[in-house]
Amino acid sequence: MLQPPLNQLTAKINSKYLIATTAAKRAREIDEKPETELLNRYISEKPVGKALEEIADGEVYPDELFLKTY
């Protein structure tokens, strides 16, 4: 089961695409620099899970680059 649930994630970011790209970018950041973790306690041990938890908690948002419309 996905933790956090998808409805928690879509409450913060409307697009599933933006959730995926934001989580992937943040997971790479966490993997390369573990000291950048934003939460005190995580349920997940893996970087992608940690990134999703940060999104659900409202700590991480998509970059401005993703939000531009062409």
# chains A, B, ... in the order shown; residues from 1 in each chain; ligands from 1
>>> residues_around(residues="Ser44 of chain A", least_positions_apart="4", cutoff="12 Å", atoms="only C-alpha atoms", output="count of residues only")
13
>>> select_by_dssp(residues="chain A", states="alpha helix (DSSP H)", output="PyMOL selection string")
chain A and resi 6-12+16-32+47-56+64-67
>>> write_last_selection(atoms="C-alpha atoms", output="PDB file, in the first residue's frame")
ATOM      1  CA  LEU A   6      -2.483   9.308  -3.145  1.00  0.00           C
ATOM      2  CA  ASN A   7      -5.356  11.520  -1.978  1.00  0.00           C
ATOM      3  CA  GLN A   8      -3.009  13.175   0.548  1.00  0.00           C
ATOM      4  CA  LEU A   9      -0.496  13.850  -2.217  1.00  0.00           C
ATOM      5  CA  THR A  10      -3.050  15.198  -4.688  1.00  0.00           C
ATOM      6  CA  ALA A  11      -4.372  17.516  -1.996  1.00  0.00           C
ATOM      7  CA  LYS A  12      -0.976  19.269  -2.080  1.00  0.00           C
ATOM      8  CA  LYS A  16       0.120  13.067 -10.667  1.00  0.00           C
ATOM      9  CA  TYR A  17       2.853  13.943 -13.173  1.00  0.00           C
ATOM     10  CA  LEU A  18       4.072  16.788 -10.971  1.00  0.00           C
ATOM     11  CA  ILE A  19       3.983  14.511  -7.924  1.00  0.00           C
ATOM     12  CA  ALA A  20       6.145  11.941  -9.729  1.00  0.00           C
ATOM     13  CA  THR A  21       8.674  14.428 -11.079  1.00  0.00           C
ATOM     14  CA  THR A  22       8.891  16.365  -7.811  1.00  0.00           C
ATOM     15  CA  ALA A  23       9.319  13.175  -5.782  1.00  0.00           C
ATOM     16  CA  ALA A  24      11.989  11.869  -8.161  1.00  0.00           C
ATOM     17  CA  LYS A  25      13.970  15.096  -8.001  1.00  0.00           C
ATOM     18  CA  ARG A  26      13.692  15.307  -4.225  1.00  0.00           C
ATOM     19  CA  ALA A  27      14.581  11.597  -3.814  1.00  0.00           C
ATOM     20  CA  ARG A  28      17.810  12.125  -5.769  1.00  0.00           C
ATOM     21  CA  GLU A  29      18.583  15.085  -3.531  1.00  0.00           C
ATOM     22  CA  ILE A  30      17.948  13.033  -0.366  1.00  0.00           C
ATOM     23  CA  ASP A  31      20.058  10.154  -1.712  1.00  0.00           C
ATOM     24  CA  GLU A  32      23.004  12.432  -2.510  1.00  0.00           C
ATOM     25  CA  PRO A  47      14.482   8.119  -0.613  1.00  0.00           C
ATOM     26  CA  VAL A  48      11.375   8.032  -2.846  1.00  0.00           C
ATOM     27  CA  GLY A  49       9.146   7.210   0.123  1.00  0.00           C
ATOM     28  CA  LYS A  50      10.767   9.969   2.154  1.00  0.00           C
ATOM     29  CA  ALA A  51      10.217  12.432  -0.696  1.00  0.00           C
ATOM     30  CA  LEU A  52       6.526  11.460  -0.920  1.00  0.00           C
ATOM     31  CA  GLU A  53       6.150  11.912   2.841  1.00  0.00           C
ATOM     32  CA  GLU A  54       7.676  15.401   2.559  1.00  0.00           C
ATOM     33  CA  ILE A  55       5.230  16.278  -0.231  1.00  0.00           C
ATOM     34  CA  ALA A  56       2.263  15.022   1.816  1.00  0.00           C
ATOM     35  CA  GLU A  64       8.626  26.985 -10.874  1.00  0.00           C
ATOM     36  CA  LEU A  65       9.952  25.396 -14.063  1.00  0.00           C
ATOM     37  CA  PHE A  66       7.293  22.665 -13.900  1.00  0.00           C
ATOM     38  CA  LEU A  67       4.508  25.185 -13.308  1.00  0.00           C
TER      39      LEU A  67
END
>>> atom_distance(atom1="atom CA of Ile13 of chain A", atom2="atom CA of Pro34 of chain A")
23.9 Å
>>> atom_distance(atom1="atom CA of Glu37 of chain A", atom2="atom CA of Val60 of chain A")
10.8 Å
